[in-house]
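> My structure is stored as run_10.pdb, with PDB, C-alpha atoms and all ligand atoms.
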```pdb
ATOM      1  CA  MET M  17      50.951 156.261  63.464  1.00  0.00           C
ATOM      2  CA  ASN M  18      49.702 159.498  65.007  1.00  0.00           C
ATOM      3  CA  LYS M  19      45.993 159.762  64.366  1.00  0.00           C
ATOM      4  CA  ASP M  20      43.809 162.804  64.903  1.00  0.00           C
ATOM      5  CA  ILE M  21      42.881 163.682  68.458  1.00  0.00           C
ATOM      6  CA  GLU M  22      39.270 162.464  68.110  1.00  0.00           C
ATOM      7  CA  THR M  23      40.332 158.982  66.947  1.00  0.00           C
ATOM      8  CA  LEU M  24      42.961 158.817  69.692  1.00  0.00           C
ATOM      9  CA  ASP M  25      40.308 159.760  72.232  1.00  0.00           C
ATOM     10  CA  ILE M  26      38.030 156.943  71.054  1.00  0.00           C
ATOM     11  CA  ILE M  27      40.886 154.407  71.189  1.00  0.00           C
ATOM     12  CA  GLY M  28      41.592 155.445  74.775  1.00  0.00           C
ATOM     13  CA  GLU M  29      38.037 155.702  76.066  1.00  0.00           C
ATOM     14  CA  GLU M  30      37.031 152.400  74.485  1.00  0.00           C
ATOM     15  CA  HIS M  31      40.261 150.762  75.688  1.00  0.00           C
ATOM     16  CA  ILE M  32      41.253 149.426  72.333  1.00  0.00           C
ATOM     17  CA  ALA M  33      44.605 147.684  72.426  1.00  0.00           C
ATOM     18  CA  THR M  34      46.800 148.669  69.505  1.00  0.00           C
ATOM     19  CA  SER M  35      49.810 146.456  70.187  1.00  0.00           C
ATOM     20  CA  LEU M  36      50.627 143.297  72.092  1.00  0.00           C
ATOM     21  CA  GLU M  37      54.186 144.393  72.666  1.00  0.00           C
ATOM     22  CA  MET M  38      54.849 147.090  75.255  1.00  0.00           C
ATOM     23  CA  PRO M  39      55.148 150.271  73.169  1.00  0.00           C
ATOM     24  CA  LEU M  40      58.520 151.464  74.456  1.00  0.00           C
ATOM     25  CA  ARG M  41      60.552 154.202  72.851  1.00  0.00           C
ATOM     26  CA  GLU M  42      64.131 153.703  71.810  1.00  0.00           C
ATOM     27  CA  GLY M  43      66.566 154.273  74.666  1.00  0.00           C
ATOM     28  CA  ALA M  44      63.803 153.710  77.229  1.00  0.00           C
ATOM     29  CA  PHE M  45      66.299 152.814  79.945  1.00  0.00           C
ATOM     30  CA  ASP M  46      69.180 155.142  79.151  1.00  0.00           C
ATOM     31  CA  MET M  47      68.296 157.283  82.161  1.00  0.00           C
ATOM     32  CA  ASP M  48      68.836 155.809  85.591  1.00  0.00           C
ATOM     33  CA  ASP M  49      66.028 155.680  88.158  1.00  0.00           C
ATOM     34  CA  ASN M  50      67.271 158.726  90.072  1.00  0.00           C
ATOM     35  CA  LEU M  51      67.221 160.939  87.003  1.00  0.00           C
ATOM     36  CA  LYS M  52      63.763 159.659  86.050  1.00  0.00           C
ATOM     37  CA  ILE M  53      62.457 160.479  89.536  1.00  0.00           C
ATOM     38  CA  GLU M  54      64.003 163.953  89.422  1.00  0.00           C
ATOM     39  CA  LEU M  55      62.425 164.762  86.035  1.00  0.00           C
ATOM     40  CA  ILE M  56      58.991 163.294  86.791  1.00  0.00           C
ATOM     41  CA  GLN M  57      58.969 165.181  90.091  1.00  0.00           C
ATOM     42  CA  LYS M  58      59.602 168.450  88.235  1.00  0.00           C
ATOM     43  CA  HIS M  59      56.812 167.824  85.730  1.00  0.00           C
ATOM     44  CA  PHE M  60      54.309 166.547  88.267  1.00  0.00           C
ATOM     45  CA  LYS M  61      54.881 169.656  90.352  1.00  0.00           C
ATOM     46  CA  GLU M  62      54.027 171.683  87.253  1.00  0.00           C
ATOM     47  CA  ILE M  63      50.808 169.697  86.734  1.00  0.00           C
ATOM     48  CA  MET M  64      49.745 170.353  90.328  1.00  0.00           C
ATOM     49  CA  HIS M  65      50.620 174.041  89.974  1.00  0.00           C
ATOM     50  CA  ILE M  66      48.570 174.325  86.766  1.00  0.00           C
ATOM     51  CA  LEU M  67      45.618 172.685  88.511  1.00  0.00           C
ATOM     52  CA  GLY M  68      45.809 175.533  90.991  1.00  0.00           C
ATOM     53  CA  LEU M  69      47.266 173.729  93.990  1.00  0.00           C
ATOM     54  CA  ASP M  70      49.473 175.562  96.470  1.00  0.00           C
ATOM     55  CA  LEU M  71      52.740 173.630  96.518  1.00  0.00           C
ATOM     56  CA  SER M  72      53.916 175.484  99.620  1.00  0.00           C
ATOM     57  CA  ASP M  73      51.270 173.662 101.667  1.00  0.00           C
ATOM     58  CA  ASP M  74      52.955 171.090 103.913  1.00  0.00           C
ATOM     59  CA  SER M  75      50.568 168.361 102.850  1.00  0.00           C
ATOM     60  CA  LEU M  76      51.219 168.940  99.131  1.00  0.00           C
ATOM     61  CA  SER M  77      54.867 169.936  98.970  1.00  0.00           C
ATOM     62  CA  GLY M  78      56.165 166.381  99.165  1.00  0.00           C
ATOM     63  CA  THR M  79      53.667 164.977  96.670  1.00  0.00           C
ATOM     64  CA  PRO M  80      55.640 165.493  93.420  1.00  0.00           C
ATOM     65  CA  HIS M  81      58.589 163.529  94.803  1.00  0.00           C
ATOM     66  CA  ARG M  82      56.320 160.866  96.298  1.00  0.00           C
ATOM     67  CA  VAL M  83      54.471 160.362  93.018  1.00  0.00           C
ATOM     68  CA  ALA M  84      57.693 160.283  90.976  1.00  0.00           C
ATOM     69  CA  LYS M  85      59.254 157.703  93.288  1.00  0.00           C
ATOM     70  CA  MET M  86      56.085 155.618  93.270  1.00  0.00           C
ATOM     71  CA  TYR M  87      55.969 155.643  89.452  1.00  0.00           C
ATOM     72  CA  VAL M  88      59.567 154.580  88.962  1.00  0.00           C
ATOM     73  CA  LYS M  89      60.167 152.300  91.961  1.00  0.00           C
ATOM     74  CA  GLU M  90      56.746 150.765  92.488  1.00  0.00           C
ATOM     75  CA  ILE M  91      53.774 150.949  90.178  1.00  0.00           C
ATOM     76  CA  PHE M  92      55.698 151.151  86.865  1.00  0.00           C
ATOM     77  CA  ARG M  93      58.814 149.241  87.900  1.00  0.00           C
ATOM     78  CA  GLY M  94      57.792 146.374  85.609  1.00  0.00           C
ATOM     79  CA  LEU M  95      58.684 148.487  82.571  1.00  0.00           C
ATOM     80  CA  ASN M  96      62.349 147.887  83.283  1.00  0.00           C
ATOM     81  CA  PRO M  97      63.526 144.392  82.265  1.00  0.00           C
ATOM     82  CA  GLU M  98      66.107 144.598  85.050  1.00  0.00           C
ATOM     83  CA  ASN M  99      63.241 144.104  87.508  1.00  0.00           C
ATOM     84  CA  LYS M 100      62.043 140.850  85.984  1.00  0.00           C
ATOM     85  CA  PRO M 101      62.077 138.161  88.673  1.00  0.00           C
ATOM     86  CA  ALA M 102      64.493 135.309  88.152  1.00  0.00           C
ATOM     87  CA  VAL M 103      62.603 132.036  87.983  1.00  0.00           C
ATOM     88  CA  LYS M 104      64.181 128.700  88.757  1.00  0.00           C
ATOM     89  CA  LEU M 105      62.802 125.411  87.533  1.00  0.00           C
ATOM     90  CA  PHE M 106      62.644 122.371  89.770  1.00  0.00           C
ATOM     91  CA  ALA M 107      62.316 118.764  88.701  1.00  0.00           C
ATOM     92  CA  ASN M 108      59.196 117.217  90.147  1.00  0.00           C
ATOM     93  CA  LYS M 109      58.382 113.736  88.935  1.00  0.00           C
ATOM     94  CA  TYR M 110      55.248 113.545  91.035  1.00  0.00           C
ATOM     95  CA  GLN M 111      53.578 116.359  89.149  1.00  0.00           C
ATOM     96  CA  TYR M 112      54.474 115.124  85.694  1.00  0.00           C
ATOM     97  CA  ASN M 113      51.528 115.602  83.361  1.00  0.00           C
ATOM     98  CA  GLU M 114      49.395 117.010  86.156  1.00  0.00           C
ATOM     99  CA  MET M 115      47.661 120.325  85.999  1.00  0.00           C
ATOM    100  CA  LEU M 116      48.598 122.894  88.558  1.00  0.00           C
ATOM    101  CA  ILE M 117      46.279 125.824  89.208  1.00  0.00           C
ATOM    102  CA  GLU M 118      47.105 129.004  91.060  1.00  0.00           C
ATOM    103  CA  LYS M 119      43.886 130.902  91.707  1.00  0.00           C
ATOM    104  CA  ASN M 120      43.016 134.412  92.850  1.00  0.00           C
ATOM    105  CA  ILE M 121      46.385 136.071  92.427  1.00  0.00           C
ATOM    106  CA  THR M 122      45.836 139.691  93.386  1.00  0.00           C
ATOM    107  CA  LEU M 123      46.228 142.083  90.497  1.00  0.00           C
ATOM    108  CA  TYR M 124      46.960 145.791  90.641  1.00  0.00           C
ATOM    109  CA  SER M 125      47.827 147.228  87.281  1.00  0.00           C
ATOM    110  CA  TYR M 126      47.299 150.613  85.601  1.00  0.00           C
ATOM    111  CA  CYS M 127      45.299 151.559  82.534  1.00  0.00           C
ATOM    112  CA  GLU M 128      47.656 153.026  79.941  1.00  0.00           C
ATOM    113  CA  HIS M 129      44.849 155.187  78.581  1.00  0.00           C
ATOM    114  CA  HIS M 130      44.047 156.920  81.877  1.00  0.00           C
ATOM    115  CA  PHE M 131      46.879 156.024  84.296  1.00  0.00           C
ATOM    116  CA  VAL M 132      44.442 154.848  86.975  1.00  0.00           C
ATOM    117  CA  PRO M 133      44.305 151.376  88.579  1.00  0.00           C
ATOM    118  CA  ILE M 134      43.056 148.140  87.124  1.00  0.00           C
ATOM    119  CA  VAL M 135      42.143 145.898  90.072  1.00  0.00           C
ATOM    120  CA  GLY M 136      41.369 142.239  89.833  1.00  0.00           C
ATOM    121  CA  LYS M 137      42.343 138.605  90.054  1.00  0.00           C
ATOM    122  CA  VAL M 138      44.505 136.398  87.891  1.00  0.00           C
ATOM    123  CA  HIS M 139      44.082 132.639  87.598  1.00  0.00           C
ATOM    124  CA  VAL M 140      46.889 130.595  86.141  1.00  0.00           C
ATOM    125  CA  ALA M 141      47.077 126.941  85.193  1.00  0.00           C
ATOM    126  CA  TYR M 142      49.843 124.885  83.677  1.00  0.00           C
ATOM    127  CA  ILE M 143      50.524 121.263  82.906  1.00  0.00           C
ATOM    128  CA  SER M 144      53.873 120.243  84.268  1.00  0.00           C
ATOM    129  CA  ASN M 145      56.312 118.668  81.831  1.00  0.00           C
ATOM    130  CA  GLY M 146      58.154 117.262  84.819  1.00  0.00           C
ATOM    131  CA  GLN M 147      59.407 120.674  85.885  1.00  0.00           C
ATOM    132  CA  VAL M 148      57.726 123.106  88.236  1.00  0.00           C
ATOM    133  CA  ILE M 149      58.398 126.619  89.481  1.00  0.00           C
ATOM    134  CA  GLY M 150      57.976 127.906  93.008  1.00  0.00           C
ATOM    135  CA  LEU M 151      54.390 129.026  93.528  1.00  0.00           C
ATOM    136  CA  SER M 152      55.400 132.475  94.720  1.00  0.00           C
ATOM    137  CA  LYS M 153      57.241 132.957  91.427  1.00  0.00           C
ATOM    138  CA  ILE M 154      53.924 132.840  89.578  1.00  0.00           C
ATOM    139  CA  ASN M 155      52.679 135.724  91.725  1.00  0.00           C
ATOM    140  CA  ARG M 156      55.921 137.609  91.166  1.00  0.00           C
ATOM    141  CA  LEU M 157      55.719 137.202  87.406  1.00  0.00           C
ATOM    142  CA  VAL M 158      52.108 138.420  87.438  1.00  0.00           C
ATOM    143  CA  GLN M 159      53.133 141.426  89.516  1.00  0.00           C
ATOM    144  CA  TYR M 160      56.068 142.201  87.238  1.00  0.00           C
ATOM    145  CA  TYR M 161      53.884 142.436  84.121  1.00  0.00           C
ATOM    146  CA  ALA M 162      51.156 144.256  86.061  1.00  0.00           C
ATOM    147  CA  LYS M 163      53.481 147.042  87.183  1.00  0.00           C
ATOM    148  CA  ARG M 164      53.278 148.800  83.858  1.00  0.00           C
ATOM    149  CA  PRO M 165      50.798 151.050  82.126  1.00  0.00           C
ATOM    150  CA  GLN M 166      48.738 148.291  80.520  1.00  0.00           C
ATOM    151  CA  VAL M 167      45.764 147.155  78.510  1.00  0.00           C
ATOM    152  CA  GLN M 168      44.222 143.986  79.875  1.00  0.00           C
ATOM    153  CA  GLU M 169      44.674 141.902  76.703  1.00  0.00           C
ATOM    154  CA  ARG M 170      48.386 142.645  76.544  1.00  0.00           C
ATOM    155  CA  LEU M 171      48.812 142.003  80.256  1.00  0.00           C
ATOM    156  CA  THR M 172      47.125 138.594  79.858  1.00  0.00           C
ATOM    157  CA  ASN M 173      49.388 137.665  76.964  1.00  0.00           C
ATOM    158  CA  GLN M 174      52.526 138.899  78.658  1.00  0.00           C
ATOM    159  CA  ILE M 175      51.774 136.830  81.756  1.00  0.00           C
ATOM    160  CA  ALA M 176      51.127 133.772  79.558  1.00  0.00           C
ATOM    161  CA  ASN M 177      54.314 134.269  77.552  1.00  0.00           C
ATOM    162  CA  GLY M 178      56.349 134.922  80.697  1.00  0.00           C
ATOM    163  CA  LEU M 179      55.083 131.681  82.203  1.00  0.00           C
ATOM    164  CA  LYS M 180      55.678 129.678  79.024  1.00  0.00           C
ATOM    165  CA  ASP M 181      59.210 131.013  78.992  1.00  0.00           C
ATOM    166  CA  ALA M 182      59.806 130.224  82.650  1.00  0.00           C
ATOM    167  CA  LEU M 183      58.241 126.767  82.458  1.00  0.00           C
ATOM    168  CA  GLN M 184      59.739 125.926  79.061  1.00  0.00           C
ATOM    169  CA  SER M 185      56.322 124.612  78.139  1.00  0.00           C
ATOM    170  CA  ASP M 186      53.411 125.781  76.002  1.00  0.00           C
ATOM    171  CA  ASP M 187      50.751 124.227  78.211  1.00  0.00           C
ATOM    172  CA  VAL M 188      49.692 127.387  79.999  1.00  0.00           C
ATOM    173  CA  ALA M 189      46.325 129.047  80.610  1.00  0.00           C
ATOM    174  CA  VAL M 190      45.802 132.506  82.065  1.00  0.00           C
ATOM    175  CA  ILE M 191      42.533 134.198  82.966  1.00  0.00           C
ATOM    176  CA  VAL M 192      42.380 137.808  84.112  1.00  0.00           C
ATOM    177  CA  GLU M 193      39.254 139.297  85.634  1.00  0.00           C
ATOM    178  CA  ALA M 194      39.512 142.964  86.458  1.00  0.00           C
ATOM    179  CA  VAL M 195      37.708 146.208  87.134  1.00  0.00           C
ATOM    180  CA  HIS M 196      39.135 149.295  85.464  1.00  0.00           C
ATOM    181  CA  LEU M 197      38.794 152.312  87.730  1.00  0.00           C
ATOM    182  CA  CYS M 198      38.696 154.585  84.689  1.00  0.00           C
ATOM    183  CA  VAL M 199      35.447 152.844  83.757  1.00  0.00           C
ATOM    184  CA  ALA M 200      34.148 152.405  87.317  1.00  0.00           C
ATOM    185  CA  SER M 201      34.859 155.821  88.819  1.00  0.00           C
ATOM    186  CA  ARG M 202      34.416 158.074  85.805  1.00  0.00           C
ATOM    187  CA  GLY M 203      33.269 157.937  82.183  1.00  0.00           C
ATOM    188  CA  VAL M 204      30.434 155.395  82.064  1.00  0.00           C
ATOM    189  CA  LYS M 205      30.714 154.872  85.882  1.00  0.00           C
ATOM    190  CA  ASP M 206      30.052 151.168  85.919  1.00  0.00           C
ATOM    191  CA  THR M 207      31.762 148.458  87.940  1.00  0.00           C
ATOM    192  CA  SER M 208      31.401 145.701  85.366  1.00  0.00           C
ATOM    193  CA  SER M 209      34.500 143.555  85.144  1.00  0.00           C
ATOM    194  CA  THR M 210      36.414 142.540  82.068  1.00  0.00           C
ATOM    195  CA  VAL M 211      37.572 138.968  81.553  1.00  0.00           C
ATOM    196  CA  THR M 212      40.428 138.083  79.231  1.00  0.00           C
ATOM    197  CA  ALA M 213      42.002 134.684  78.684  1.00  0.00           C
ATOM    198  CA  SER M 214      44.968 133.096  76.992  1.00  0.00           C
ATOM    199  CA  TYR M 215      45.073 129.350  76.298  1.00  0.00           C
ATOM    200  CA  SER M 216      48.100 127.667  74.764  1.00  0.00           C
ATOM    201  CA  GLY M 217      49.392 124.189  74.079  1.00  0.00           C
ATOM    202  CA  ARG M 218      47.124 121.488  75.415  1.00  0.00           C
ATOM    203  CA  PHE M 219      44.758 124.060  76.920  1.00  0.00           C
ATOM    204  CA  GLU M 220      44.042 125.267  73.420  1.00  0.00           C
ATOM    205  CA  ASP M 221      43.141 121.734  72.305  1.00  0.00           C
ATOM    206  CA  GLU M 222      40.812 121.372  75.253  1.00  0.00           C
ATOM    207  CA  LYS M 223      39.144 124.644  74.375  1.00  0.00           C
ATOM    208  CA  ILE M 224      38.586 123.567  70.763  1.00  0.00           C
ATOM    209  CA  ASN M 225      37.271 120.118  71.791  1.00  0.00           C
ATOM    210  CA  LYS M 226      34.656 121.541  74.119  1.00  0.00           C
TER     211      LYS M 226
HETATM  212 ZN    ZN U   1      41.316 153.526  81.081  1.00  0.00          ZN
END
```
The structure in this file should be written as structure tokens.

Amino acid sequence: MNKDIETLDIIGEEHIATSLEMPLREGAFDMDDNLKIELIQKHFKEIMHILGLDLSDDSLSGTPHRVAKMYVKEIFRGLNPENKPAVKLFANKYQYNEMLIEKNITLYSYCEHHFVPIVGKVHVAYISNGQVIGLSKINRLVQYYAKRPQVQERLTNQIANGLKDALQSDDVAVIVEAVHLCVASRGVKDTSSTVTASYSGRFEDEKINK
């Protein structure tokens, strides 16, 4: 599994996804949030110290705690299955067999290779099998899977699978268009966006027939 540092560097810089499942270690949630915050705070303080920052400065002294809390409670909260939004299905005869599209869902995720933001839009479509979910639940599901260190391909698939699960239907399409700040603000310094898509069920047939 562990490759040499040069190969690992290439995988990261080229954003090559190595697994569709979230690579979580065993016992990932044995610690509670408070303990995680306490430990991350300690280590982040060390990182800042090593960089040469003066932690006694009033503007910096609260940063380790702020970052730790933000990691656990906000930007990486989607790692914990406990934070998965509950989704209720509603019967809706009027939308039977009709396609429903939710466009331009705001996406803020984080590159797992660099831990900097991935910013973009998600477009979702599904064909109702007579059941629908509340529109805001689509946004919440997207946000849940986005709040993890991610690669865009995995994020796209996780959103699709989450929706298929919630809708109890395979007829789901997901398109993600995003800018990776690790590409835009450093490295090759380009703001090109990356588009990934997942088509299942009848969307897959349509794709093949085109
Ligand atoms: Zn990156």
> Which residues, written as a ChimeraX atom specification, have at least one atom at most 12 Å from range 194-202 of chain M, with all atoms listed in the file counted and residues fewer than 4 positions away on the same chain left out?
/M:28-31,120-139,162,166-169,171-172,206-213
> In Å, with one decimal, what is the gap from CA of Ile149 in chain M to CA of Tyr161 in chain M?
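Going from CA of Ile149 in chain M over to CA of Tyr161 in chain M, I get 17.3 Å.
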> Would you work out the distance separating CA of Arg170 in chain M from CA of Val83 in chain M, expressed in Å to one decimal?
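It comes out at 24.9 Å.
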> Can you work out which one of M:His59, M:Lys52, M:Lys163, M:Arg156 has the shortest atom-to-atom distance to Arg93 in chain M, counting all atoms listed in the file?
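Among the listed residues, M:Lys163 lies closest to Arg93 in chain M.
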> Find the residue from M:Asn50, M:Ser35, M:Asn108, M:Asn113 that sits nearest to Ala84 in chain M; use only C-alpha atoms when measuring.
M:Asn50
> Tell me, as a list in words, which residues lie within 8 Å of Phe92 in chain M, counting all atoms listed in the file; anything in the same chain fewer than 4 positions away does not count.
Met86, Tyr87, Val88, Lys163, Arg164 and Pro165 of chain M
> Which polymer residues have any atom within 12 Å of an atom of Glu98 in chain M, counting only C-alpha atoms, with same-chain residues fewer than 6 positions away left out, as a VMD selection string?
chain M and resid 45 48 to 49 89 160
> Between M:Ile21, M:Ala141, M:Ile27, M:Met115, which has the minimum distance to ligand ZN 1 (chain U) (counting only C-alpha atoms and all ligand atoms)?
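Distance minimum relative to ligand ZN 1 (chain U) lands on M:Ile27.
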> Neighbouring residues of Lys180 in chain M were defined as those with any atom within 12 Å, considering all atoms listed in the file; residues of the same chain fewer than 4 positions away were excluded. Please report them as an MDAnalysis selection string.
chainID M and resid 103 105 140:145 147:149 154 157 173:176 184:190 214:217
